[in-house]
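entry_37.cif (mmCIF, C-alpha atoms) appears below.
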```
data_coords
loop_
_atom_site.label_atom_id
_atom_site.label_comp_id
_atom_site.auth_asym_id
_atom_site.auth_seq_id
_atom_site.Cartn_x
_atom_site.Cartn_y
_atom_site.Cartn_z
CA MET Z 1 69.13 79.24 -32.95
CA THR Z 2 71.64 79.69 -30.17
CA ARG Z 3 71.69 76.71 -27.90
CA LEU Z 4 71.57 77.44 -24.20
CA GLY Z 5 74.18 75.76 -22.03
CA GLU Z 6 73.20 73.22 -19.39
CA THR Z 7 73.12 74.32 -15.78
CA PRO Z 8 76.02 72.52 -14.08
CA SER Z 9 75.45 69.66 -11.67
CA GLN Z 10 76.43 70.02 -8.00
CA THR Z 11 76.63 67.54 -5.15
CA VAL Z 12 73.49 66.65 -3.20
CA GLY Z 13 75.63 67.22 -0.09
CA PRO Z 14 75.17 65.59 3.32
CA TYR Z 15 71.67 66.92 4.00
CA PHE Z 16 69.70 65.73 0.94
CA SER Z 17 67.54 63.47 3.08
CA MET Z 18 65.78 66.56 4.43
CA ARG Z 19 63.85 66.37 1.17
CA LEU Z 20 64.94 63.38 -0.96
CA SER Z 21 64.46 59.76 0.20
CA ALA Z 22 61.69 60.39 2.70
CA GLU Z 23 60.48 57.49 4.82
CA GLY Z 24 58.80 54.88 2.63
CA GLU Z 25 60.05 56.22 -0.71
CA ASN Z 26 62.11 53.01 -1.07
CA VAL Z 27 59.00 50.81 -0.81
CA LEU Z 28 57.30 50.92 -4.20
CA THR Z 29 54.85 48.18 -3.26
CA THR Z 30 53.85 45.94 -0.37
CA ARG Z 31 52.33 43.27 -2.62
CA SER Z 32 53.11 39.66 -1.76
CA ASP Z 33 54.78 39.13 -5.15
CA ARG Z 34 57.27 41.92 -4.53
CA ILE Z 35 61.03 41.55 -4.77
CA VAL Z 36 63.73 43.11 -2.61
CA ILE Z 37 66.88 44.72 -3.96
CA GLU Z 38 69.56 45.51 -1.45
CA GLY Z 39 73.25 46.22 -1.38
CA LYS Z 40 75.98 48.61 -0.38
CA VAL Z 41 77.58 51.62 -2.00
CA LEU Z 42 81.38 51.43 -1.73
CA ASP Z 43 84.08 54.01 -2.44
CA GLY Z 44 87.50 53.53 -4.04
CA ALA Z 45 89.05 52.45 -0.73
CA GLY Z 46 86.35 49.83 -0.15
CA ASN Z 47 84.67 51.87 2.56
CA HIS Z 48 80.92 52.21 2.58
CA VAL Z 49 79.43 55.48 1.35
CA GLU Z 50 77.30 56.60 4.26
CA ASP Z 51 75.39 59.30 2.43
CA ALA Z 52 74.48 58.10 -1.05
CA LEU Z 53 71.15 58.79 -2.72
CA LEU Z 54 69.83 56.01 -4.95
CA GLU Z 55 66.94 56.52 -7.36
CA ILE Z 56 65.34 53.75 -9.41
CA TRP Z 57 63.08 53.90 -12.45
CA GLN Z 58 61.56 50.83 -14.02
CA ALA Z 59 58.78 49.36 -16.13
CA VAL Z 60 55.85 47.58 -14.54
CA PRO Z 61 55.64 43.75 -14.85
CA SER Z 62 53.86 44.02 -18.24
CA GLY Z 63 56.91 45.83 -19.63
CA ARG Z 64 55.26 49.24 -19.85
CA TYR Z 65 56.65 52.47 -18.38
CA ASN Z 66 54.27 54.65 -16.42
CA HIS Z 67 55.03 57.61 -18.70
CA PRO Z 68 53.01 59.46 -21.36
CA ASP Z 69 55.49 58.48 -24.12
CA ASP Z 70 54.84 54.77 -23.53
CA THR Z 71 51.57 54.61 -25.45
CA ARG Z 72 51.51 50.82 -25.82
CA GLY Z 73 48.26 49.19 -24.74
CA LEU Z 74 49.85 47.20 -21.93
CA ASP Z 75 48.63 47.07 -18.35
CA LEU Z 76 49.85 49.52 -15.76
CA GLU Z 77 49.73 48.68 -12.06
CA PRO Z 78 47.42 50.82 -9.94
CA GLY Z 79 49.37 52.64 -7.27
CA PHE Z 80 52.75 51.58 -8.64
CA THR Z 81 54.75 54.36 -10.27
CA GLY Z 82 58.01 52.56 -11.02
CA PHE Z 83 60.01 55.23 -9.21
CA GLY Z 84 61.72 54.90 -5.85
CA ARG Z 85 64.35 56.58 -3.72
CA ALA Z 86 66.58 55.32 -0.96
CA ALA Z 87 69.46 56.67 1.09
CA SER Z 88 72.33 54.43 2.11
CA ASP Z 89 72.50 53.71 5.82
CA PHE Z 90 74.90 55.97 7.69
CA GLU Z 91 76.41 53.12 9.73
CA THR Z 92 76.55 50.35 7.11
CA GLY Z 93 76.15 51.88 3.64
CA GLU Z 94 73.28 49.48 2.96
CA TYR Z 95 70.26 50.48 0.90
CA ARG Z 96 67.04 48.57 0.21
CA PHE Z 97 64.18 48.73 -2.27
CA GLU Z 98 60.95 46.74 -2.31
CA THR Z 99 59.44 46.67 -5.76
CA LEU Z 100 57.94 44.52 -8.52
CA LYS Z 101 60.11 42.74 -11.01
CA PRO Z 102 59.97 44.74 -14.25
CA GLY Z 103 58.87 43.25 -17.56
CA ARG Z 104 60.80 43.43 -20.81
CA VAL Z 105 60.83 46.71 -22.73
CA PRO Z 106 61.73 47.25 -26.40
CA ASP Z 107 65.36 47.65 -27.39
CA ALA Z 108 66.76 49.82 -30.18
CA GLU Z 109 66.57 47.04 -32.77
CA GLY Z 110 62.97 45.95 -32.48
CA ALA Z 111 63.54 43.10 -30.01
CA PHE Z 112 63.18 43.14 -26.23
CA GLN Z 113 65.66 43.98 -23.50
CA ALA Z 114 66.21 41.77 -20.50
CA PRO Z 115 64.32 42.90 -17.37
CA HIS Z 116 66.24 45.73 -15.75
CA ILE Z 117 65.90 48.70 -13.45
CA SER Z 118 67.59 52.03 -14.18
CA LEU Z 119 69.57 53.35 -11.22
CA ILE Z 120 70.94 56.83 -10.54
CA VAL Z 121 73.50 57.20 -7.75
CA GLN Z 122 74.43 60.54 -6.21
CA GLY Z 123 75.90 61.48 -2.86
CA ARG Z 124 78.02 63.78 -0.79
CA GLY Z 125 81.39 63.93 -2.53
CA MET Z 126 79.81 63.22 -5.92
CA LEU Z 127 79.55 66.24 -8.18
CA ASN Z 128 77.56 64.45 -10.88
CA PRO Z 129 74.99 61.67 -10.94
CA VAL Z 130 76.06 58.28 -12.28
CA PHE Z 131 73.68 56.07 -14.25
CA THR Z 132 73.69 52.30 -14.21
CA ARG Z 133 71.27 49.37 -14.60
CA ILE Z 134 70.27 46.51 -12.34
CA TYR Z 135 69.76 43.19 -14.18
CA PHE Z 136 68.74 39.89 -12.53
CA SER Z 137 70.84 36.74 -12.11
CA ASP Z 138 67.84 34.45 -12.69
CA GLU Z 139 67.24 35.87 -16.20
CA GLU Z 140 70.22 34.21 -17.86
CA GLU Z 141 68.58 33.62 -21.22
CA ALA Z 142 67.19 37.16 -21.54
CA ASN Z 143 70.49 38.59 -20.28
CA SER Z 144 72.46 36.74 -22.93
CA ASP Z 145 70.39 38.42 -25.69
CA ASP Z 146 70.37 41.90 -24.16
CA LEU Z 147 72.00 44.53 -26.40
CA VAL Z 148 73.36 46.58 -23.50
CA LEU Z 149 74.84 43.60 -21.65
CA ARG Z 150 76.35 42.30 -24.87
CA GLY Z 151 78.14 45.63 -25.29
CA VAL Z 152 79.76 45.40 -21.86
CA PRO Z 153 83.24 43.85 -21.55
CA ALA Z 154 82.68 40.29 -20.31
CA ALA Z 155 84.93 40.75 -17.30
CA ARG Z 156 82.78 43.62 -16.00
CA ARG Z 157 79.31 42.35 -16.95
CA HIS Z 158 78.70 40.93 -13.47
CA THR Z 159 78.77 44.44 -12.00
CA LEU Z 160 75.34 45.01 -13.59
CA ILE Z 161 73.71 41.79 -12.36
CA ALA Z 162 71.92 41.52 -9.04
CA ASP Z 163 72.42 38.13 -7.37
CA LEU Z 164 69.32 36.24 -6.27
CA GLN Z 165 69.91 35.05 -2.70
CA GLU Z 166 68.95 31.38 -2.33
CA GLY Z 167 65.98 30.60 -0.14
CA THR Z 168 64.75 34.15 0.34
CA SER Z 169 61.06 35.03 0.33
CA PRO Z 170 60.22 37.55 -0.96
CA PRO Z 171 63.19 37.05 -3.26
CA VAL Z 172 66.15 39.19 -2.29
CA TYR Z 173 68.60 40.35 -4.96
CA ARG Z 174 71.97 41.67 -3.85
CA PHE Z 175 73.45 44.57 -5.85
CA ASP Z 176 76.53 46.39 -4.58
CA ILE Z 177 77.70 49.56 -6.29
CA LYS Z 178 81.45 50.11 -6.47
CA MET Z 179 82.24 53.70 -7.34
CA GLN Z 180 85.89 52.96 -8.15
CA GLY Z 181 88.48 50.22 -8.17
CA ASP Z 182 89.28 47.00 -9.99
CA ASP Z 183 85.68 45.95 -9.87
CA GLU Z 184 84.15 49.35 -10.59
CA THR Z 185 80.48 49.21 -11.53
CA ILE Z 186 79.74 49.98 -15.17
CA PHE Z 187 78.29 53.47 -15.47
CA PHE Z 188 76.59 54.63 -18.65
CA ASP Z 189 76.63 57.58 -20.95
CA PHE Z 190 73.52 57.98 -23.09
CA MET W 1 48.83 48.58 -30.07
CA THR W 2 50.34 52.03 -30.48
CA ASP W 3 54.09 52.24 -30.80
CA PRO W 4 55.78 54.20 -28.04
CA VAL W 5 57.19 57.66 -28.68
CA ILE W 6 60.97 57.75 -28.45
CA ARG W 7 62.24 61.28 -27.86
CA HIS W 8 65.94 60.95 -28.41
CA TYR W 9 68.03 63.73 -26.95
CA GLY W 10 71.48 64.96 -27.85
CA PRO W 11 74.75 64.13 -26.16
CA LYS W 12 75.21 65.36 -22.62
CA ALA W 13 77.43 68.46 -22.42
CA TYR W 14 79.96 66.95 -20.02
CA SER W 15 82.21 69.99 -20.48
CA ASP W 16 79.52 72.17 -18.83
CA HIS W 17 79.59 70.06 -15.66
CA PRO W 18 82.16 69.47 -12.91
CA PRO W 19 84.60 66.58 -13.27
CA PHE W 20 83.89 63.44 -11.23
CA SER W 21 87.03 63.98 -9.20
CA TYR W 22 87.90 67.49 -8.02
CA PRO W 23 90.62 67.18 -5.36
CA ASP W 24 89.98 70.62 -3.79
CA TYR W 25 86.67 69.08 -2.70
CA ARG W 26 88.35 66.22 -0.90
CA SER W 27 85.48 63.73 -0.70
CA THR W 28 85.26 63.49 -4.49
CA VAL W 29 88.60 61.72 -4.84
CA LEU W 30 87.36 58.26 -3.82
CA ARG W 31 83.77 58.64 -4.95
CA GLY W 32 83.85 59.43 -8.67
CA PRO W 33 84.22 56.70 -11.29
CA LYS W 34 87.70 56.29 -12.80
CA GLN W 35 86.81 54.09 -15.74
CA ASP W 36 85.32 55.55 -18.90
CA LEU W 37 81.54 55.65 -19.06
CA LEU W 38 80.04 53.09 -21.44
CA THR W 39 77.93 54.70 -24.16
CA ILE W 40 74.58 53.02 -24.82
CA VAL W 41 71.80 53.68 -27.32
CA GLN W 42 68.79 55.47 -25.86
CA THR W 43 65.68 53.33 -25.42
CA LEU W 44 62.46 53.90 -23.51
CA SER W 45 64.46 53.17 -20.37
CA GLU W 46 66.44 56.37 -20.93
CA THR W 47 63.88 58.59 -22.71
CA THR W 48 61.17 58.14 -20.08
CA GLY W 49 61.45 59.02 -16.42
CA PRO W 50 59.43 59.70 -13.31
CA GLY W 51 59.00 63.47 -13.86
CA PRO W 52 55.41 63.36 -15.15
CA ILE W 53 54.20 61.39 -12.11
CA TRP W 54 53.88 64.51 -9.99
CA THR W 55 51.00 66.50 -11.37
CA GLU W 56 49.64 68.02 -8.20
CA VAL W 57 51.73 69.68 -5.57
CA SER W 58 50.09 72.00 -3.09
CA GLU W 59 50.83 75.72 -3.28
CA GLU W 60 51.75 75.74 0.40
CA ASP W 61 54.72 73.51 -0.42
CA ALA W 62 56.35 76.39 -2.33
CA ASP W 63 56.18 78.73 0.68
CA LEU W 64 59.04 77.88 3.04
CA THR W 65 58.26 80.87 5.26
CA THR W 66 55.12 79.16 6.55
CA ASN W 67 55.27 75.46 5.63
CA ALA W 68 56.57 74.37 9.01
CA GLY W 69 52.89 74.33 9.90
CA THR W 70 53.29 76.12 13.21
CA GLY W 71 51.07 79.02 12.23
CA GLU W 72 54.03 81.39 12.67
CA SER W 73 56.45 82.81 10.08
CA ALA W 74 60.11 81.90 9.74
CA ILE W 75 62.72 84.48 10.75
CA GLY W 76 65.11 86.03 8.23
CA GLU W 77 65.23 87.98 5.02
CA ARG W 78 62.11 86.99 3.07
CA ILE W 79 62.89 86.36 -0.62
CA ILE W 80 61.11 85.31 -3.80
CA VAL W 81 63.08 82.93 -6.03
CA THR W 82 61.54 82.63 -9.47
CA GLY W 83 62.44 81.80 -13.05
CA ARG W 84 61.92 79.19 -15.73
CA VAL W 85 63.15 75.70 -16.45
CA LEU W 86 64.25 75.59 -20.09
CA ASP W 87 65.58 73.05 -22.55
CA GLU W 88 68.66 73.81 -24.61
CA ASP W 89 66.51 75.39 -27.33
CA GLY W 90 65.16 77.87 -24.80
CA GLU W 91 61.71 76.26 -24.64
CA GLY W 92 60.06 76.18 -21.22
CA ILE W 93 59.64 72.67 -19.80
CA PRO W 94 56.30 72.17 -18.04
CA GLY W 95 55.67 69.60 -15.35
CA VAL W 96 59.18 69.49 -13.86
CA LEU W 97 59.20 68.54 -10.19
CA MET W 98 61.50 70.96 -8.32
CA GLU W 99 62.43 70.00 -4.78
CA ILE W 100 64.57 72.29 -2.65
CA TRP W 101 66.35 72.15 0.69
CA GLN W 102 68.41 74.80 2.44
CA ALA W 103 69.88 76.19 5.65
CA ASN W 104 67.98 78.77 7.69
CA ALA W 105 68.87 82.46 7.92
CA CYS W 106 71.70 81.61 10.33
CA GLY W 107 73.21 78.93 8.10
CA ARG W 108 71.83 76.03 10.14
CA TYR W 109 70.19 72.95 8.57
CA VAL W 110 67.41 70.97 10.19
CA HIS W 111 69.24 67.64 9.98
CA TRP W 112 70.49 65.23 12.62
CA ARG W 113 74.04 65.34 11.21
CA GLU W 114 74.26 69.09 11.73
CA THR W 115 75.72 69.19 15.24
CA GLU W 116 78.90 71.24 15.18
CA PHE W 117 77.86 74.68 13.99
CA PRO W 118 76.57 76.63 17.01
CA ALA W 119 73.89 78.61 15.17
CA PRO W 120 70.26 78.65 16.29
CA LEU W 121 67.45 76.65 14.74
CA ASP W 122 64.17 78.36 13.92
CA PRO W 123 61.12 76.39 15.10
CA ASN W 124 59.12 77.96 12.26
CA PHE W 125 61.48 76.92 9.46
CA ILE W 126 62.03 73.38 8.14
CA GLY W 127 63.98 74.39 5.02
CA VAL W 128 62.30 72.15 2.44
CA GLY W 129 59.81 72.85 -0.33
CA GLN W 130 58.61 71.76 -3.73
CA CYS W 131 56.69 72.91 -6.77
CA VAL W 132 55.94 71.76 -10.32
CA THR W 133 56.74 74.05 -13.27
CA GLY W 134 53.82 75.60 -15.16
CA ASP W 135 53.03 75.44 -18.88
CA ASP W 136 55.84 77.86 -19.75
CA GLY W 137 58.35 76.19 -17.41
CA ALA W 138 57.91 78.89 -14.75
CA TYR W 139 58.37 78.26 -11.04
CA ARG W 140 58.25 80.41 -7.91
CA PHE W 141 59.31 79.87 -4.30
CA LEU W 142 58.88 82.13 -1.29
CA THR W 143 61.58 81.45 1.29
CA ILE W 144 64.16 82.88 3.67
CA LYS W 145 67.59 83.81 2.37
CA PRO W 146 69.91 81.07 3.67
CA GLY W 147 73.03 81.98 5.62
CA PRO W 148 76.55 80.81 4.79
CA TYR W 149 77.89 78.05 7.02
CA PRO W 150 81.21 76.39 7.86
CA TRP W 151 82.22 72.88 6.80
CA GLY W 152 85.20 70.64 7.38
CA ASN W 153 86.77 70.42 3.94
CA HIS W 154 89.76 72.66 4.75
CA PRO W 155 90.73 75.23 7.42
CA ASN W 156 88.19 78.03 7.84
CA ALA W 157 86.01 76.62 5.04
CA TRP W 158 82.64 78.33 4.51
CA ARG W 159 80.00 77.53 1.94
CA PRO W 160 78.53 80.55 0.15
CA ALA W 161 74.79 80.92 0.72
CA HIS W 162 72.93 78.49 -1.53
CA ILE W 163 69.71 76.57 -2.05
CA HIS W 164 69.84 72.93 -3.18
CA PHE W 165 67.61 72.24 -6.20
CA SER W 166 66.56 68.78 -7.40
CA LEU W 167 64.89 68.73 -10.83
CA MET W 168 63.01 65.75 -12.17
CA GLY W 169 62.32 66.51 -15.81
CA PRO W 170 60.63 64.54 -18.57
CA SER W 171 63.32 61.88 -18.93
CA LEU W 172 65.98 60.08 -16.97
CA GLY W 173 68.68 61.80 -19.01
CA SER W 174 67.65 65.26 -17.88
CA ARG W 175 67.93 64.49 -14.15
CA LEU W 176 69.70 67.37 -12.43
CA VAL W 177 70.62 68.22 -8.86
CA THR W 178 72.37 71.53 -8.49
CA GLN W 179 72.79 74.47 -6.12
CA MET W 180 71.58 78.02 -6.65
CA TYR W 181 73.87 80.78 -5.39
CA PHE W 182 73.34 84.51 -4.91
CA GLU W 183 75.02 87.16 -7.08
CA SER W 184 78.20 88.78 -5.72
CA ASP W 185 78.75 86.41 -2.82
CA PRO W 186 82.21 87.20 -1.37
CA LEU W 187 82.75 83.50 -0.59
CA PHE W 188 82.77 82.37 -4.24
CA PRO W 189 86.57 82.40 -4.63
CA TYR W 190 87.00 80.16 -1.57
CA ASP W 191 84.40 77.47 -2.32
CA PRO W 192 85.62 74.32 -4.10
CA ILE W 193 82.09 73.06 -4.75
CA PHE W 194 81.08 76.23 -6.62
CA ASN W 195 84.43 76.27 -8.41
CA SER W 196 84.22 72.60 -9.38
CA ALA W 197 81.97 73.73 -12.24
CA PRO W 198 83.97 74.92 -15.26
CA GLU W 199 84.61 78.65 -15.35
CA HIS W 200 82.42 79.19 -18.42
CA SER W 201 79.34 77.61 -16.86
CA ARG W 202 79.68 78.57 -13.17
CA ASP W 203 77.67 81.71 -13.61
CA ARG W 204 74.63 79.63 -14.64
CA MET W 205 74.19 78.63 -10.99
CA VAL W 206 73.99 82.25 -9.81
CA ALA W 207 70.66 84.01 -9.23
CA ARG W 208 70.43 87.74 -10.04
CA TYR W 209 68.70 90.34 -7.92
CA ASP W 210 65.65 91.56 -9.87
CA HIS W 211 63.81 94.63 -8.63
CA ASP W 212 60.83 93.77 -10.85
CA VAL W 213 60.38 90.57 -8.86
CA THR W 214 60.68 92.37 -5.53
CA GLU W 215 57.30 93.00 -3.91
CA GLU W 216 56.75 96.24 -2.08
CA ASN W 217 56.67 95.99 1.68
CA TRP W 218 56.99 92.19 1.45
CA ALA W 219 59.99 90.38 -0.11
CA LEU W 220 63.12 90.85 -2.25
CA GLY W 221 63.17 89.19 -5.66
CA TRP W 222 65.78 86.88 -7.21
CA ARG W 223 65.62 85.45 -10.70
CA TRP W 224 67.24 82.21 -11.81
CA ASP W 225 66.60 80.09 -14.91
CA VAL W 226 67.68 76.46 -15.11
CA VAL W 227 68.65 74.78 -18.38
CA LEU W 228 68.16 71.02 -18.57
CA ARG W 229 69.67 68.78 -21.19
CA GLY W 230 67.24 69.18 -24.06
CA LYS W 231 65.69 67.28 -26.90
CA THR W 232 67.45 67.23 -30.26
CA ALA W 233 64.69 66.65 -32.73
CA THR W 234 61.00 66.06 -33.12
CA PRO W 235 59.95 62.71 -31.70
CA PHE W 236 59.39 59.81 -34.04
CA GLU W 237 57.49 56.58 -33.79
CA GLU W 238 59.64 53.57 -33.16
CA ASP W 239 60.10 51.25 -36.14
CA GLU W 240 59.01 53.84 -38.68
#
```
Output the file's structure as structure tokens, nothing else.
Amino acid sequence: MTRLGETPSQTVGPYFSMRLSAEGENVLTTRSDRIVIEGKVLDGAGNHVEDALLEIWQAVPSGRYNHPDDTRGLDLEPGFTGFGRAASDFETGEYRFETLKPGRVPDAEGAFQAPHISLIVQGRGMLNPVFTRIYFSDEEEANSDDLVLRGVPAARRHTLIADLQEGTSPPVYRFDIKMQGDDETIFFDF
Amino acid sequence: MTDPVIRHYGPKAYSDHPPFSYPDYRSTVLRGPKQDLLTIVQTLSETTGPGPIWTEVSEEDADLTTNAGTGESAIGERIIVTGRVLDEDGEGIPGVLMEIWQANACGRYVHWRETEFPAPLDPNFIGVGQCVTGDDGAYRFLTIKPGPYPWGNHPNAWRPAHIHFSLMGPSLGSRLVTQMYFESDPLFPYDPIFNSAPEHSRDRMVARYDHDVTEENWALGWRWDVVLRGKTATPFEEDE
């Protein structure tokens, strides 16, 4: 059968927030055991990206995805989808999510991955989405066994790990995204 | 406990998409990654996604001529935009969330950053809509044909008329945001965003006029199919 070709990607442009990243889409939960993930999106000159769209997708704390293909008999969380959207702030480039810390999901070799959140970044001046993952600095043991992290060059591994900020409640994890440069964030192909 | 279903999909057709950096579109130069992407094995984290969350979207959301909620109709050339969302095997994909945003008939967006183009707003047009594809992947919007508008990329730069489309399919890997253009737009040769897509795939972003879609005494019809990165094989149970 002839394969059809993919429709090409185009930039979300400067006006995506008319529809994407509506008020509150970055708050996946208001529960007291929530976590906060915040950071900046930076371009190759170190300037903040004032119009980036960030989308996250994650498992619930039991480690199950809220998706029909995840047929495991694990708990889901009522009212919590695992999906969120945020726009970076025009003045500062900062974004923020409030969510639940994800559980561990299966890896490709029958073990479990370290807790992580999938992140898609798009923006004005970006013709394609980029895909990365947010891991957690207080999951050292799980991180050291994680197949994806183990495949990342050691010198760049830190670009995938959100830093727990001491003394914050709810816990705040800092995760900057560097689109280019010496410390460019690892982006995935899959 | 039932094992999860892992629907692996084939490699992304990067050659069908724009490059990360396309200097004619100036803002791309500092915003696209320069290092190679790191290839990872697909797991549930990649083969699932938020698409199936949205099962119910109201029909009014797909009618941009009236969804401003003012009780009046938007001004401009009323058009129907319809087609199917397909995978690479040509199978319709049901349950895809399609969200759109666009300029009004004069080329003006309803957005606080739009301040320099002296074209009128329409109080009866907000320029956003959404729908979910049906069982055969079909979708349909009723809207106003957007106008072209100027932008600051280069001297006398104008974007061809377009509608922004966000598609949230069954998995993270099929996420697509694109723009739909209208056949025979004279601005195509001058637009670096349109031309950032490779020559062989550019045409896939262009809707065709279709007289069979046009409704008598009501609206002109445009047809446009979208192809998302598709599945490669039948799903299998993990660990089998």
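Closest to chain W among Z:Phe175, Z:Phe190, Z:Tyr135, Z:Phe112 is Z:Phe190, based on all atoms listed in the file.
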Explicit residue set for the PyMOL selection byres ((chain Z) within 8 of (chain W)), as a PyMOL selection string:
chain Z and resi 1-12+14-16+18-19+43-45+57-58+65-73+81-83+105-108+110+118+124-129+148+152+179-181+184+186-190
In terms of only C-alpha atoms, the residue from Z:Thr30, Z:Ser62, Z:Thr185, Z:Ser88 at minimal distance from Ala155 (chain Z) is Z:Thr185
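Non-sequential neighbours of Leu142 (chain W) (distance at most 6 Å, separation of 3 or more positions within a chain, only C-alpha atoms) are Asp63, Ile79 and Ile80 of chain W.
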Please determine, counting all atoms listed in the file, which residue among Z:Thr92, Z:Leu164, Z:Pro61, Z:Pro78 has the shortest atom-to-atom distance to Pro115 (chain Z).
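Of Z:Thr92, Z:Leu164, Z:Pro61, Z:Pro78, the one nearest Pro115 (chain Z) is Z:Pro61, counting all atoms listed in the file.
For the file at hand, the PyMOL selection byres ((chain Z and resi 133) around 7) resolves to His116, Ile117, Ser118, Leu119, Thr132, Ile134, Tyr135 and Leu160 of chain Z.
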Quote the spacing between CA of Gly151 (chain Z) and CA of Phe131 (chain Z) in Å to one decimal place.
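These two atoms are separated by 15.8 Å.
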